[in-house]
Amino acid sequence: MSNSILTPSVIAKEALVQLKNNLVLANLIHTDYSDEFVKVGDTVTIRRPVKYSVTDGATMSVQDTVEGSTTISIDKQKHVAMGFSAKDFTLSIEEFSKRYVEPAMIELAQQVENDIAGLYRYVWNWVGTPGNTIDSMNDFYKGPQRLDEMAVPNPRAAVLSPADYYGMLGNLTGLYISDKAKTAMEKNKLGMLGNMDTYMCQSAATHTTGTRDNTTPLTNGASQTVAYSAVKSSMTQSLICDGFDASATIKAGDVFTLGDTTNGYRAINPRTRSALPYLQQFVVQSDVTADGSGNATLTISPPLITSGAYQTVSATGTAASSSDGLALTFAGAASTSFIQNLMFNRQAFALVTRPLQFLDGVPDQARERLGNLSVRLMSAPDAINDQSRWRLDILYGVKAIYPDLASRISGT
């Protein structure tokens, strides 16, 4: 095959196919692509759905329409750079892809997958017992049950770490595992389990908890509930606490409850707004270190909204009149690492990609698109080493846009 066949456009197309074929998580979540060119750090705005509550009686009660939004930053430019000799370009595209393009794009796809898997830290629902392997269908079904209780619509997907997949495998029969010629997504699909499209995913993240303890932290302040209008864009709030050990750390992604079912904040079904028999879970949004007296202000989600169309919790007992002195009970032991399996509706997370601009003065460059993915290839000669230098770039951003549509899951 002549050298002229291996053009930048041909190689870019092949790279894009290999990238697509090696993605699992990216094919299960909401994706957004536009031909609009952006720079690293630019943002895309997504509106949150409007909610209303039902009013009793014949008298009209007009409600304010409060429309929130969230932004996704296009902040990740990733690339793989390679150097080729003139001899390499005598290969067929199949040989060239197998030797060079496919290994490079596997690494690039892995980076995208890792970034998506890392969005677990914004998910507050966590069923099972952290640290335990999912080794039965009873363990697995706790995830779909939580999604049902949270009124999460179909379709849904589940991604399990290899340890949890193999822990459960002995209890299952009839699984269809595709042959090696299929894409990574097809090869890792386990089938429909509990109304969930279920996959094994090597990219399942690991969360390491802070040094915080489960015995002394308390809320410190009587009026720490908020109105939706005050948090409609961030869907977070500050929670003032005390009672931590001096200099204790609370990590982004740590999950906790407030009080108990008698005096605390219970979860609610977001459709019926009826209280559920367990406590609402909250997730810490950013790392915090308590001061020398054990005081700490946490940024948490969801916010404490006790009434209205956007209600997130049901206050019971003393919590109905005061949010002070409620115990924080964290999921999982302190300073311990836990696998983060996920179950979710595709709208829970978003991957937003944009094409990268061409650079002036670069003679050999190409940009190709496949679905919601775009790859740019550029090359430059290296006469000193008798090589041609190539780089493949992608530009994207990821975000948990509706983390209430997801749950983490561990075994019991």
# chains A, B, ... in the order shown; residues from 1 in each chain; ligands from 1
call {"tool": "select_by_dssp", "arguments": {"residues": "range 189-397 of chain A", "states": "alpha helix (DSSP H)", "output": "list in words"}}
result
Tyr228, Ser229, Ala230 and Val231 of chain A
call {"tool": "write_last_selection", "arguments": {"atoms": "N, CA and C atoms", "output": "short mmCIF file (atom, residue, chain, number, x, y, z; two decimals), in the first residue's frame"}}
result
data_model
loop_
_atom_site.label_atom_id
_atom_site.label_comp_id
_atom_site.auth_asym_id
_atom_site.auth_seq_id
_atom_site.Cartn_x
_atom_site.Cartn_y
_atom_site.Cartn_z
N TYR A 228 -35.12 26.73 47.91
CA TYR A 228 -34.61 26.36 46.59
C TYR A 228 -34.12 27.57 45.81
N SER A 229 -34.82 28.69 45.92
CA SER A 229 -34.44 29.88 45.17
C SER A 229 -33.03 30.35 45.50
N ALA A 230 -32.54 30.01 46.69
CA ALA A 230 -31.20 30.44 47.10
C ALA A 230 -30.11 29.50 46.61
N VAL A 231 -30.49 28.29 46.20
CA VAL A 231 -29.48 27.29 45.82
C VAL A 231 -29.76 26.68 44.45
#
call {"tool": "residues_around", "arguments": {"residues": "range 107-123 of chain A", "least_positions_apart": "4", "cutoff": "8 Å", "atoms": "only C-alpha atoms", "output": "JSON, numbers by chain"}}
result
{"A": [19, 20, 22, 23, 24, 25, 26, 78, 79, 80, 103, 203, 204, 205, 207, 252, 253, 254, 283, 284, 285, 301, 340, 342, 349, 351, 398, 399, 400, 403, 404, 406, 407, 408]}
call {"tool": "write_last_selection", "arguments": {"atoms": "C-alpha atoms", "output": "mmCIF file, in the first residue's frame"}}
result
data_model
loop_
_atom_site.group_PDB
_atom_site.id
_atom_site.type_symbol
_atom_site.label_atom_id
_atom_site.label_comp_id
_atom_site.auth_asym_id
_atom_site.auth_seq_id
_atom_site.Cartn_x
_atom_site.Cartn_y
_atom_site.Cartn_z
ATOM 1 C CA LEU A 19 -11.432 5.726 20.777
ATOM 2 C CA LYS A 20 -15.149 5.007 20.406
ATOM 3 C CA ASN A 22 -12.740 1.453 23.876
ATOM 4 C CA LEU A 23 -15.298 3.510 25.807
ATOM 5 C CA VAL A 24 -17.827 2.032 28.218
ATOM 6 C CA LEU A 25 -18.983 4.724 30.647
ATOM 7 C CA ALA A 26 -18.908 7.418 27.970
ATOM 8 C CA LYS A 78 -5.906 15.355 26.522
ATOM 9 C CA HIS A 79 -3.521 14.087 23.893
ATOM 10 C CA VAL A 80 -1.238 11.248 22.898
ATOM 11 C CA PRO A 103 -2.697 1.324 21.863
ATOM 12 C CA SER A 203 -12.558 2.198 35.525
ATOM 13 C CA ALA A 204 -14.672 1.971 38.682
ATOM 14 C CA ALA A 205 -13.190 4.582 40.997
ATOM 15 C CA HIS A 207 -12.799 6.626 47.257
ATOM 16 C CA ALA A 252 -14.890 15.399 48.836
ATOM 17 C CA GLY A 253 -17.120 12.384 48.220
ATOM 18 C CA ASP A 254 -17.587 11.466 51.895
ATOM 19 C CA VAL A 283 -22.223 14.199 50.138
ATOM 20 C CA VAL A 284 -19.334 16.547 50.864
ATOM 21 C CA GLN A 285 -18.461 18.598 47.784
ATOM 22 C CA SER A 301 -25.437 18.343 48.498
ATOM 23 C CA GLN A 340 -17.401 3.011 43.894
ATOM 24 C CA LEU A 342 -22.554 3.072 40.232
ATOM 25 C CA PHE A 349 -23.768 12.498 34.186
ATOM 26 C CA LEU A 351 -19.754 14.266 28.709
ATOM 27 C CA VAL A 398 -17.551 16.012 32.435
ATOM 28 C CA LYS A 399 -20.037 16.766 35.198
ATOM 29 C CA ALA A 400 -22.657 15.167 37.436
ATOM 30 C CA PRO A 403 -26.614 13.256 40.776
ATOM 31 C CA ASP A 404 -30.033 12.538 42.291
ATOM 32 C CA ALA A 406 -27.654 7.895 40.568
ATOM 33 C CA SER A 407 -26.595 5.738 43.489
ATOM 34 C CA ARG A 408 -23.370 4.155 44.640
#
call {"tool": "closest_residue", "arguments": {"among": "A:Ala246, A:Ala348, A:Ala58, A:Leu359", "to": "Val152 in chain A", "atoms": "only C-alpha atoms"}}
result
A:Ala348
call {"tool": "select_by_dssp", "arguments": {"residues": "range 236-411 of chain A", "states": "strand (DSSP E)", "output": "PyMOL selection string"}}
result
chain A and resi 237-242+249-250+255-258+264-268+275-279+282-284+288-289+296-301+313-316+328-330+337-345+349-354+364-370+373-382+387-400+406-409
call {"tool": "residues_around", "arguments": {"residues": "Ala267 in chain A", "least_positions_apart": "5", "cutoff": "8 Å", "atoms": "only C-alpha atoms", "output": "PyMOL selection string"}}
result
chain A and resi 275-281+312-314
call {"tool": "closest_residue", "arguments": {"among": "A:Cys201, A:Leu6, A:Leu258, A:Ala319", "to": "Asp88 in chain A", "atoms": "only C-alpha atoms"}}
result
A:Leu6
call {"tool": "atom_distance", "arguments": {"atom1": "CA of Thr129 in chain A", "atom2": "CA of Asp324 in chain A"}}
result
27.6 Å
call {"tool": "atom_distance", "arguments": {"atom1": "CA of Gly243 in chain A", "atom2": "CA of Leu304 in chain A"}}
result
20.5 Å
call {"tool": "residues_around", "arguments": {"residues": "Lys39 in chain A", "least_positions_apart": "3", "cutoff": "10 Å", "atoms": "only C-alpha atoms", "output": "list in words"}}
result
Asp42, Thr43, Ile74, Asp75, Gln77, Arg354, Pro355, Leu356, Gln357 and Leu395 of chain A
call {"tool": "residues_around", "arguments": {"residues": "range 328-333 of chain A", "least_positions_apart": "2", "cutoff": "6 Å", "atoms": "only C-alpha atoms", "output": "list in words"}}
result
Pro130, Asn214, Pro217, Leu218, Val255, Phe256, Thr257, Leu258 and Thr336 of chain A
call {"tool": "atom_distance", "arguments": {"atom1": "CA of Asp245 in chain A", "atom2": "CA of Asn220 in chain A"}}
result
14.8 Å
